[in-house]
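Next comes model00.txt, with compact mmCIF, C-alpha atoms.
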```txt
# COMPACT_ATOMS: atom_id res chain seq x y z
CA MET Q 23 -18.79 11.97 -6.38
CA ARG Q 24 -17.54 14.56 -3.91
CA TYR Q 25 -16.51 12.82 -0.71
CA GLN Q 26 -16.26 14.78 2.52
CA SER Q 27 -14.99 11.89 4.63
CA PHE Q 28 -12.49 9.05 4.46
CA LEU Q 29 -12.66 5.93 6.58
CA ILE Q 30 -9.16 4.78 7.54
CA LYS Q 31 -8.78 1.06 8.17
CA TYR Q 32 -5.82 -0.50 9.91
CA ALA Q 33 -4.79 -4.15 10.17
CA GLU Q 34 -1.93 -5.02 12.49
CA ILE Q 35 -2.89 -2.36 15.03
CA GLY Q 36 -6.07 -4.32 15.64
CA THR Q 37 -4.05 -7.10 17.29
CA LYS Q 38 -2.64 -4.87 20.03
CA GLY Q 39 -5.22 -5.59 22.71
CA LYS Q 40 -5.43 -3.14 25.59
CA ASN Q 41 -2.57 -1.06 24.12
CA ARG Q 42 -4.36 -0.53 20.84
CA TYR Q 43 -5.34 3.03 21.69
CA LEU Q 44 -1.65 4.02 21.85
CA PHE Q 45 -1.12 2.85 18.28
CA GLU Q 46 -4.37 4.46 17.12
CA ASP Q 47 -3.31 7.78 18.63
CA ALA Q 48 0.11 7.50 16.98
CA LEU Q 49 -1.56 6.78 13.65
CA ILE Q 50 -3.80 9.81 14.05
CA ARG Q 51 -0.74 12.00 14.72
CA GLN Q 52 0.97 10.72 11.58
CA ILE Q 53 -2.19 11.27 9.50
CA ARG Q 54 -2.40 14.88 10.71
CA ILE Q 55 1.25 15.45 9.81
CA ALA Q 56 0.78 13.93 6.36
CA LEU Q 57 -2.32 16.00 5.62
CA LYS Q 58 -0.35 19.20 6.12
CA ARG Q 59 1.10 18.46 2.68
CA ALA Q 60 -2.40 18.49 1.14
CA GLU Q 61 -4.50 21.53 0.41
CA GLY Q 62 -7.46 21.95 2.76
CA ASP Q 63 -8.43 21.66 6.43
CA PHE Q 64 -9.24 18.31 7.98
CA LEU Q 65 -10.58 16.84 11.20
CA VAL Q 66 -9.11 13.48 12.19
CA SER Q 67 -10.99 11.48 14.81
CA LYS Q 68 -11.52 7.93 16.00
CA GLU Q 69 -14.52 5.88 17.05
CA SER Q 70 -14.27 2.31 18.39
CA GLY Q 71 -11.94 0.72 15.87
CA ARG Q 72 -12.45 3.29 13.14
CA ILE Q 73 -10.46 6.40 12.22
CA TYR Q 74 -12.06 9.12 10.13
CA VAL Q 75 -10.65 12.00 8.10
CA GLN Q 76 -13.28 14.67 7.47
CA ALA Q 77 -12.71 17.57 5.13
CA VAL Q 78 -13.93 20.83 6.67
CA SER Q 79 -12.98 22.97 3.66
CA ASP Q 80 -12.40 22.57 -0.06
CA TYR Q 81 -9.62 20.11 -0.76
CA ASP Q 82 -7.80 18.27 -3.53
CA TYR Q 83 -8.90 14.62 -3.55
CA ASP Q 84 -5.78 13.33 -5.30
CA GLU Q 85 -3.49 15.17 -2.88
CA VAL Q 86 -5.30 13.70 0.11
CA ILE Q 87 -5.09 10.15 -1.24
CA ALA Q 88 -1.40 10.61 -2.11
CA ALA Q 89 -0.66 11.89 1.40
CA LEU Q 90 -2.56 9.09 3.15
CA LYS Q 91 -0.86 6.42 1.02
CA LYS Q 92 2.43 7.41 2.65
CA VAL Q 93 1.24 6.93 6.25
CA PHE Q 94 2.51 3.69 7.74
CA GLY Q 95 -0.19 1.87 9.70
CA ILE Q 96 -2.96 2.50 7.16
CA ALA Q 97 -4.21 -0.68 5.50
CA TRP Q 98 -7.08 0.82 3.47
CA ILE Q 99 -8.34 4.29 2.60
CA CYS Q 100 -12.09 4.28 1.98
CA PRO Q 101 -13.84 7.37 0.60
CA VAL Q 102 -17.12 7.22 2.49
CA VAL Q 103 -20.58 8.76 2.57
CA GLN Q 104 -21.66 9.32 6.17
CA LEU Q 105 -25.29 9.57 7.22
CA GLU Q 106 -26.36 11.00 10.54
CA GLN Q 107 -29.92 9.70 10.11
CA LYS Q 108 -30.12 5.94 10.54
CA ASP Q 109 -33.68 5.15 9.54
CA PHE Q 110 -33.71 2.43 6.94
CA GLU Q 111 -35.56 4.36 4.25
CA THR Q 112 -32.88 7.06 4.36
CA VAL Q 113 -30.19 4.39 4.07
CA LYS Q 114 -31.95 2.87 1.03
CA ARG Q 115 -32.16 6.21 -0.77
CA ALA Q 116 -28.58 7.10 0.07
CA LEU Q 117 -27.22 3.78 -1.20
CA VAL Q 118 -29.13 4.06 -4.49
CA GLU Q 119 -27.84 7.63 -4.95
CA TYR Q 120 -24.33 6.47 -4.11
CA VAL Q 121 -24.36 3.77 -6.78
CA GLY Q 122 -25.81 6.20 -9.32
CA GLU Q 123 -23.04 8.75 -8.74
CA VAL Q 124 -20.03 6.48 -8.32
CA TYR Q 125 -20.85 3.98 -11.10
CA PRO Q 126 -22.21 5.70 -14.22
CA ASP Q 127 -21.76 2.42 -16.15
CA ARG Q 128 -23.90 0.06 -14.12
CA HIS Q 129 -23.24 -3.13 -16.02
CA PHE Q 130 -21.56 -4.83 -13.09
CA THR Q 131 -22.19 -7.49 -10.50
CA PHE Q 132 -22.41 -6.50 -6.87
CA LYS Q 133 -22.80 -7.72 -3.34
CA VAL Q 134 -24.12 -5.71 -0.40
CA GLU Q 135 -22.19 -6.31 2.82
CA CYS Q 136 -23.84 -4.78 5.88
CA ARG Q 137 -22.30 -4.62 9.31
CA ARG Q 138 -24.45 -3.73 12.29
CA ALA Q 139 -21.99 -2.49 14.93
CA ASP Q 140 -24.94 -0.82 16.68
CA LYS Q 141 -26.74 -3.93 17.95
CA THR Q 142 -29.80 -1.86 18.91
CA TYR Q 143 -30.53 -1.22 15.24
CA PRO Q 144 -33.85 -2.95 14.54
CA ILE Q 145 -32.90 -4.59 11.22
CA HIS Q 146 -30.38 -7.42 11.21
CA SER Q 147 -27.44 -7.47 8.81
CA GLU Q 148 -28.71 -10.31 6.60
CA ASP Q 149 -32.09 -8.64 6.21
CA MET Q 150 -30.36 -5.38 5.33
CA ASN Q 151 -28.27 -7.17 2.71
CA ARG Q 152 -31.35 -8.61 0.99
CA GLU Q 153 -33.48 -5.46 1.10
CA LEU Q 154 -30.73 -3.11 0.00
CA GLY Q 155 -29.72 -5.50 -2.80
CA ALA Q 156 -33.31 -5.62 -4.01
CA GLU Q 157 -33.48 -1.81 -3.92
CA ILE Q 158 -30.41 -1.52 -6.17
CA LEU Q 159 -31.75 -4.14 -8.62
CA THR Q 160 -35.01 -2.25 -8.87
CA ALA Q 161 -33.28 1.11 -9.43
CA TYR Q 162 -30.64 -0.25 -11.80
CA PRO Q 163 -31.89 -3.42 -13.51
CA GLU Q 164 -28.72 -3.64 -15.62
CA THR Q 165 -26.84 -4.70 -12.47
CA SER Q 166 -26.86 -8.22 -11.07
CA VAL Q 167 -25.97 -9.91 -7.81
CA ASP Q 168 -22.93 -12.16 -7.36
CA VAL Q 169 -22.28 -13.11 -3.75
CA HIS Q 170 -19.05 -15.01 -4.53
CA SER Q 171 -16.93 -12.83 -6.85
CA PRO Q 172 -18.71 -9.51 -7.35
CA ASP Q 173 -17.26 -6.64 -9.35
CA VAL Q 174 -18.35 -4.22 -6.62
CA ARG Q 175 -18.75 -4.75 -2.89
CA LEU Q 176 -21.09 -2.19 -1.36
CA HIS Q 177 -20.32 -1.78 2.33
CA VAL Q 178 -22.90 -0.39 4.74
CA GLU Q 179 -21.85 0.04 8.37
CA VAL Q 180 -24.36 1.00 11.05
CA ARG Q 181 -22.54 2.66 13.92
CA LYS Q 182 -23.35 6.01 15.58
CA GLY Q 183 -24.25 7.00 12.06
CA VAL Q 184 -24.15 5.04 8.82
CA ASN Q 185 -21.12 4.62 6.55
CA ILE Q 186 -21.55 3.78 2.88
CA PHE Q 187 -18.49 2.94 0.79
CA SER Q 188 -17.20 0.63 -1.91
CA LEU Q 189 -13.80 1.97 -2.90
CA MET Q 190 -10.91 0.56 -0.84
CA ILE Q 191 -7.58 2.12 -1.77
CA PRO Q 192 -4.55 0.20 -0.44
CA GLY Q 193 -2.41 1.98 2.11
CA PRO Q 194 1.23 1.12 2.86
CA GLY Q 195 0.48 -1.10 5.88
CA GLY Q 196 3.03 -1.46 8.65
CA MET Q 197 2.99 0.36 11.98
CA PRO Q 198 2.74 4.08 12.77
CA VAL Q 199 6.13 5.79 12.92
CA GLY Q 200 7.22 6.43 16.48
CA THR Q 201 5.62 3.37 18.06
CA ASN Q 202 8.78 1.25 18.01
CA GLY Q 203 11.61 3.52 19.11
CA LYS Q 204 14.35 5.18 17.08
CA ALA Q 205 17.25 3.89 14.98
CA MET Q 206 20.16 5.46 13.10
CA LEU Q 207 20.32 4.87 9.34
CA LEU Q 208 23.72 4.84 7.61
CA LEU Q 209 22.58 6.71 4.51
CA SER Q 210 24.66 6.89 1.35
CA GLY Q 211 23.83 8.11 -2.11
CA GLY Q 212 23.19 4.59 -3.40
CA ILE Q 213 20.05 2.62 -4.09
CA ASP Q 214 20.03 0.36 -1.04
CA SER Q 215 20.22 2.47 2.12
CA PRO Q 216 17.17 4.68 1.42
CA VAL Q 217 15.14 1.52 0.84
CA ALA Q 218 16.43 0.06 4.12
CA GLY Q 219 15.37 3.23 5.97
CA TYR Q 220 11.91 3.07 4.39
CA MET Q 221 11.47 -0.58 5.39
CA ILE Q 222 12.46 -0.06 9.02
CA ALA Q 223 10.30 3.07 9.27
CA LYS Q 224 7.41 0.92 8.04
CA ARG Q 225 7.76 -1.10 11.24
CA GLY Q 226 7.09 2.02 13.31
CA VAL Q 227 10.71 3.04 13.94
CA LYS Q 228 11.63 6.73 13.97
CA ILE Q 229 14.61 7.36 11.69
CA ASP Q 230 17.70 9.51 12.20
CA ALA Q 231 20.45 9.28 9.60
CA VAL Q 232 24.21 9.71 9.26
CA TYR Q 233 26.09 10.39 6.02
CA PHE Q 234 29.87 10.16 5.63
CA HIS Q 235 31.12 12.98 3.40
CA ALA Q 236 34.66 13.09 1.98
CA PRO Q 237 35.48 16.45 0.44
CA PRO Q 238 37.22 17.16 -1.89
CA TYR Q 239 36.91 13.56 -3.11
CA THR Q 240 33.14 13.89 -2.98
CA SER Q 241 31.41 17.01 -4.24
CA GLU Q 242 28.73 19.21 -2.73
CA ARG Q 243 26.41 17.70 -5.33
CA ALA Q 244 26.98 14.27 -3.76
CA LYS Q 245 26.09 15.72 -0.37
CA GLN Q 246 22.96 17.38 -1.77
CA LYS Q 247 21.98 14.08 -3.39
CA VAL Q 248 21.94 12.39 0.03
CA ILE Q 249 19.94 15.27 1.52
CA ASP Q 250 17.44 14.89 -1.32
CA LEU Q 251 17.19 11.15 -0.65
CA ALA Q 252 16.55 11.81 3.04
CA LYS Q 253 13.75 14.21 2.09
CA ILE Q 254 12.14 11.54 -0.10
CA VAL Q 255 12.29 8.93 2.68
CA ALA Q 256 10.88 11.58 5.03
CA ARG Q 257 7.62 11.52 3.03
CA TYR Q 258 7.03 8.18 4.75
CA SER Q 259 9.08 8.34 7.94
CA GLY Q 260 8.51 11.95 8.97
CA PRO Q 261 11.35 14.50 9.32
CA ILE Q 262 14.87 13.03 9.44
CA PRO Q 263 17.80 14.71 11.21
CA LEU Q 264 20.75 13.98 8.89
CA HIS Q 265 24.16 14.00 10.60
CA ILE Q 266 26.83 14.79 7.99
CA VAL Q 267 30.25 13.57 9.14
CA ASN Q 268 33.44 14.73 7.40
CA PHE Q 269 35.26 11.43 6.92
CA THR Q 270 38.14 12.58 4.70
CA ASP Q 271 40.95 12.72 7.25
CA ILE Q 272 40.00 9.34 8.69
CA GLN Q 273 39.92 7.77 5.24
CA LEU Q 274 43.30 9.20 4.31
CA TYR Q 275 44.81 8.02 7.57
CA ILE Q 276 43.47 4.49 7.08
CA TYR Q 277 44.73 4.57 3.48
CA GLU Q 278 48.20 5.55 4.71
CA LYS Q 279 48.49 3.10 7.60
CA CYS Q 280 46.56 -0.05 6.66
CA PRO Q 281 46.85 -2.73 3.95
CA HIS Q 282 44.93 -1.57 0.93
CA GLU Q 283 43.01 -4.81 0.52
CA GLU Q 284 41.54 -4.19 4.01
CA LEU Q 285 40.61 -0.54 3.43
CA THR Q 286 36.90 -1.10 2.83
CA ILE Q 287 36.40 -3.26 5.91
CA ILE Q 288 38.39 -0.99 8.23
CA MET Q 289 36.65 2.15 6.95
CA ARG Q 290 33.32 0.42 7.37
CA ARG Q 291 34.17 -0.51 10.96
CA TYR Q 292 34.94 3.11 11.79
CA MET Q 293 31.75 4.29 10.12
CA MET Q 294 29.81 1.90 12.32
CA LYS Q 295 31.63 3.10 15.44
CA ILE Q 296 30.92 6.74 14.62
CA ALA Q 297 27.29 6.03 13.71
CA GLU Q 298 26.80 4.17 16.97
CA THR Q 299 28.25 7.03 19.02
CA ILE Q 300 25.97 9.55 17.30
CA ALA Q 301 23.03 7.18 17.70
CA ALA Q 302 23.62 6.78 21.43
CA SER Q 303 23.79 10.55 21.93
CA ASN Q 304 20.43 10.92 20.14
CA ASP Q 305 18.58 8.14 21.99
CA ALA Q 306 18.60 5.77 19.00
CA LYS Q 307 18.74 2.12 19.99
CA ALA Q 308 19.90 0.44 16.79
CA LEU Q 309 21.70 0.99 13.49
CA ILE Q 310 20.23 0.43 10.02
CA THR Q 311 22.20 -0.43 6.89
CA GLY Q 312 21.29 -1.34 3.32
CA GLU Q 313 23.61 -4.34 3.19
CA SER Q 314 22.68 -7.47 1.24
CA ILE Q 315 24.64 -10.71 1.48
CA GLY Q 316 27.25 -11.05 -1.25
CA GLN Q 317 26.41 -7.85 -3.11
CA VAL Q 318 29.92 -6.39 -2.69
CA ALA Q 319 33.13 -7.44 -0.94
CA SER Q 320 32.17 -5.74 2.32
CA GLN Q 321 28.89 -7.67 2.42
CA THR Q 322 30.03 -11.27 2.50
CA VAL Q 323 29.05 -13.15 5.64
CA GLN Q 324 32.63 -12.93 6.91
CA SER Q 325 32.80 -9.20 6.19
CA LEU Q 326 29.49 -8.52 7.91
CA ALA Q 327 30.63 -10.47 10.96
CA THR Q 328 33.84 -8.43 11.05
CA THR Q 329 31.88 -5.19 10.79
CA ASN Q 330 29.41 -6.26 13.47
CA GLU Q 331 32.25 -6.89 15.88
CA VAL Q 332 32.68 -3.17 16.63
CA CYS Q 333 28.98 -2.60 17.40
CA THR Q 334 27.19 -3.00 20.70
CA MET Q 335 23.83 -1.89 19.30
CA PRO Q 336 21.67 -4.19 17.16
CA VAL Q 337 22.24 -3.68 13.43
CA PHE Q 338 19.07 -3.93 11.33
CA ARG Q 339 19.65 -5.09 7.75
CA PRO Q 340 16.18 -5.37 6.19
CA LEU Q 341 17.61 -6.06 2.69
CA ILE Q 342 19.94 -8.83 3.79
CA ALA Q 343 18.35 -11.56 1.60
CA PHE Q 344 17.08 -9.36 -1.25
CA ASP Q 345 18.57 -9.47 -4.73
CA LYS Q 346 19.32 -6.21 -6.51
CA GLN Q 347 16.22 -6.17 -8.68
CA GLU Q 348 13.96 -6.57 -5.65
CA ILE Q 349 15.67 -3.57 -4.04
CA VAL Q 350 15.39 -1.54 -7.24
CA ASP Q 351 11.67 -2.33 -7.46
CA ILE Q 352 11.08 -0.88 -3.99
CA ALA Q 353 13.27 2.14 -4.75
CA GLU Q 354 11.17 2.86 -7.83
CA LYS Q 355 7.96 2.44 -5.85
CA ILE Q 356 8.96 4.89 -3.11
CA GLY Q 357 10.53 7.41 -5.48
CA THR Q 358 14.22 7.22 -4.50
CA PHE Q 359 15.59 5.35 -7.52
CA GLU Q 360 16.01 8.25 -9.95
CA THR Q 361 17.88 10.28 -7.33
CA SER Q 362 20.01 7.33 -6.23
CA ILE Q 363 21.37 6.75 -9.74
CA LEU Q 364 22.56 10.33 -10.24
CA PRO Q 365 26.31 10.09 -11.02
CA TYR Q 366 27.77 11.71 -7.90
CA GLU Q 367 30.28 9.54 -6.00
CA ASP Q 368 29.93 9.01 -2.27
CA CYS Q 369 32.86 8.40 0.05
CA CYS Q 370 32.49 4.62 -0.06
CA THR Q 371 33.59 4.45 -3.71
CA ILE Q 372 36.74 6.58 -3.58
CA PHE Q 373 39.32 4.38 -1.86
CA VAL Q 374 38.38 1.00 -3.31
CA ALA Q 375 41.17 -1.55 -3.56
CA LYS Q 376 41.68 -3.48 -6.78
CA HIS Q 377 41.42 -6.75 -4.86
CA PRO Q 378 39.53 -6.13 -1.60
CA VAL Q 379 39.52 -8.91 0.95
CA ILE Q 380 36.23 -10.83 0.88
CA ARG Q 381 36.90 -13.20 3.78
CA PRO Q 382 38.58 -10.95 6.32
CA ASN Q 383 40.33 -12.47 9.29
CA ARG Q 384 39.29 -10.50 12.35
CA ASN Q 385 42.60 -10.98 14.06
CA HIS Q 386 44.39 -9.55 11.02
CA ILE Q 387 41.97 -6.60 10.89
CA ARG Q 388 42.49 -5.80 14.57
CA LYS Q 389 46.25 -6.00 14.09
CA SER Q 390 46.06 -3.61 11.13
CA GLU Q 391 43.98 -1.18 13.17
CA GLN Q 392 46.80 -1.02 15.72
CA ASN Q 393 48.64 1.05 13.10
CA LEU Q 394 46.02 3.75 13.67
CA ARG Q 395 46.23 3.98 17.44
CA GLU Q 396 48.34 7.15 17.53
CA LYS Q 397 45.69 9.45 16.05
CA ILE Q 398 42.49 7.61 15.29
CA ASP Q 399 40.60 8.23 18.55
CA ASP Q 400 41.16 11.98 18.36
CA MET Q 401 40.19 12.01 14.68
CA VAL Q 402 36.97 10.14 15.42
CA SER Q 403 36.10 12.52 18.27
CA THR Q 404 36.75 15.54 16.05
CA ALA Q 405 34.61 14.14 13.23
CA ILE Q 406 31.71 13.57 15.63
CA GLU Q 407 32.03 16.98 17.29
CA GLN Q 408 32.14 18.79 13.95
CA ALA Q 409 29.28 16.86 12.34
CA GLU Q 410 26.73 19.04 10.59
CA VAL Q 411 23.04 18.34 11.19
CA VAL Q 412 20.57 19.02 8.38
CA TRP Q 413 16.85 18.73 9.12
CA CYS Q 414 15.30 16.87 6.18
CA GLU Q 415 11.54 17.24 5.73
CA ALA Q 416 9.31 16.03 2.94
CA GLU Q 417 8.71 18.63 0.27
```
Represent the structure contained in this file as structure tokens.
Amino acid sequence: MRYQSFLIKYAEIGTKGKNRYLFEDALIRQIRIALKRAEGDFLVSKESGRIYVQAVSDYDYDEVIAALKKVFGIAWICPVVQLEQKDFETVKRALVEYVGEVYPDRHFTFKVECRRADKTYPIHSEDMNRELGAEILTAYPETSVDVHSPDVRLHVEVRKGVNIFSLMIPGPGGMPVGTNGKAMLLLSGGIDSPVAGYMIAKRGVKIDAVYFHAPPYTSERAKQKVIDLAKIVARYSGPIPLHIVNFTDIQLYIYEKCPHEELTIIMRRYMMKIAETIAASNDAKALITGESIGQVASQTVQSLATTNEVCTMPVFRPLIAFDKQEIVDIAEKIGTFETSILPYEDCCTIFVAKHPVIRPNRNHIRKSEQNLREKIDDMVSTAIEQAEVVWCEAE
């Protein structure tokens, strides 16, 4: 079967009342962006609760499906046959032809489900169900009807034209990117943070990212690994500006001046401060991290509270209650896992104490940070001013 059109169904967008058109338009924009990665030319349009993708040239079916499955806001992708003529005899013939082409092995049960959005259509939905079902049984007697648990559901929608479809390919769900503001992702080369960025983007949030680089303790390969991860996440979120901050001097200064068991927490606090400053200058309203309670010393409840203390923006932690295997499963699904496990160290793993504090006392941490007051503000300002920005787009 050679489909020329795809019916795009959404779910959560349908609850948005009078503002629904804003979310529909955002979804259409994201579909158009995604389809640029597929061969062919396409027209994307909407019609009273329905979005359509129509191929206006030759195209690769698998590429189109793969592109659409990465667009947040899409609940179902339905390859559809569209009829301009609405007379019932034409619909009967088209449905029989559809079944014959799509299902060469016709030993299946089916149910016809008609929807008459055009209430002026002279035949009611239940009558259409019966007559179309009888037509299929006559044409293909090896089929049978099962109205409770059919193998195939044949959908017929009467609107301005007629839509015929049965395949419903799951989309990623969520909300269209750009409908819920912007946030700054603290992106490392690990497994967790790319997954966190994906999950927040799924809620319609535009993603910027910041990576803390520590040459010569981290290599250019480690930096490229993070860029590659950002490009993978960008398949779902759209292009990501990645702010690469040289963190070496700050790390060395903290290592020199602060108790070693507090290094991780104090470094993390300064990462959050820098990320928040960059976020504010780029109109991002929140930070995103891949932290999960208890996974490492810096992610105990006490450590997270101590880290949060330096932030004025909300900090989104979508993985906070996930165990590692759940995070790995998502990483494998979205395609970041194999890149994340490449053996290139990021700056978080260089200056790790043998016995890091797991229940930090905030008063003690603040007192230790007083040892940094001579230089730290200037070092932070320099790191922000000299940050490199790499534009990461899906490949």
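Among Q:Gly122, Q:Pro192, Q:Gly95, Q:Gly62, the residue with the shortest atom-to-atom distance to Ile158 (chain Q), counting only C-alpha atoms, is Q:Gly122.
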Problem - For Ser362 (chain Q): contacts at 8 Å, only C-alpha atoms, fewer than 5 positions along chain excluded, given as a VMD selection string - result: chain Q and resid 211 to 213 247 251
Handout entry: Which residue of Q:Leu49, Q:Ala327, Q:Ser314, Q:Asn151 approaches Gln347 (chain Q) most closely, using only C-alpha atoms
Key = Q:Ser314
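Taking CA of Glu410 (chain Q) as the reference point, CA of Arg51 (chain Q) is found at 28.7 Å.
Remark: for Asp47 (chain Q), the closest of the candidate residues Q:Ser166, Q:Phe132, Q:Phe28, Q:Thr201 is Q:Thr201 (distances computed over all atoms listed in the file).
Residues in contact with region 109-121 of chain Q at 9 Å, where only C-alpha atoms are counted and same-chain residues fewer than 6 positions away are skipped, are listed as Met23, Val103, Arg128, Ile145, Met150, Glu153, Leu154, Glu157, Ile158, Ala161, Tyr162, Leu176, Val178, Val184, Ile186 and Phe187 of chain Q.
Between Ala88 (chain Q) and the residues Q:Tyr275, Q:Tyr258, Q:Phe269, Q:Tyr125, the shortest atom-to-atom distance, using all atoms listed in the file, involves Q:Tyr258.
The coordinates place CA of Glu61 (chain Q) at 5.4 Å from CA of Tyr81 (chain Q).
In this comparison, which uses only C-alpha atoms, the residue of Q:Leu274, Q:Leu44, Q:Leu105, Q:Val217 approaching Met289 (chain Q) most closely is Q:Leu274.
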Fill in the blank from the handout: From CA of Phe234 (chain Q) to CA of Val337 (chain Q) the spacing works out at 17.6 Å
Fill in the blank from the handout: From the list Q:Ile191, Q:Ile55, Q:Ala353, Q:Leu364, the nearest residue to Asp84 (chain Q) using only C-alpha atoms is Q:Ile191
Practice task
Name all residues at most 10 Å from Val169 (chain Q) (count all atoms listed in the file; drop same-chain ones fewer than 5 positions away) and give them as a PyMOL selection string.
Solution key: chain Q and resi 131-135+175
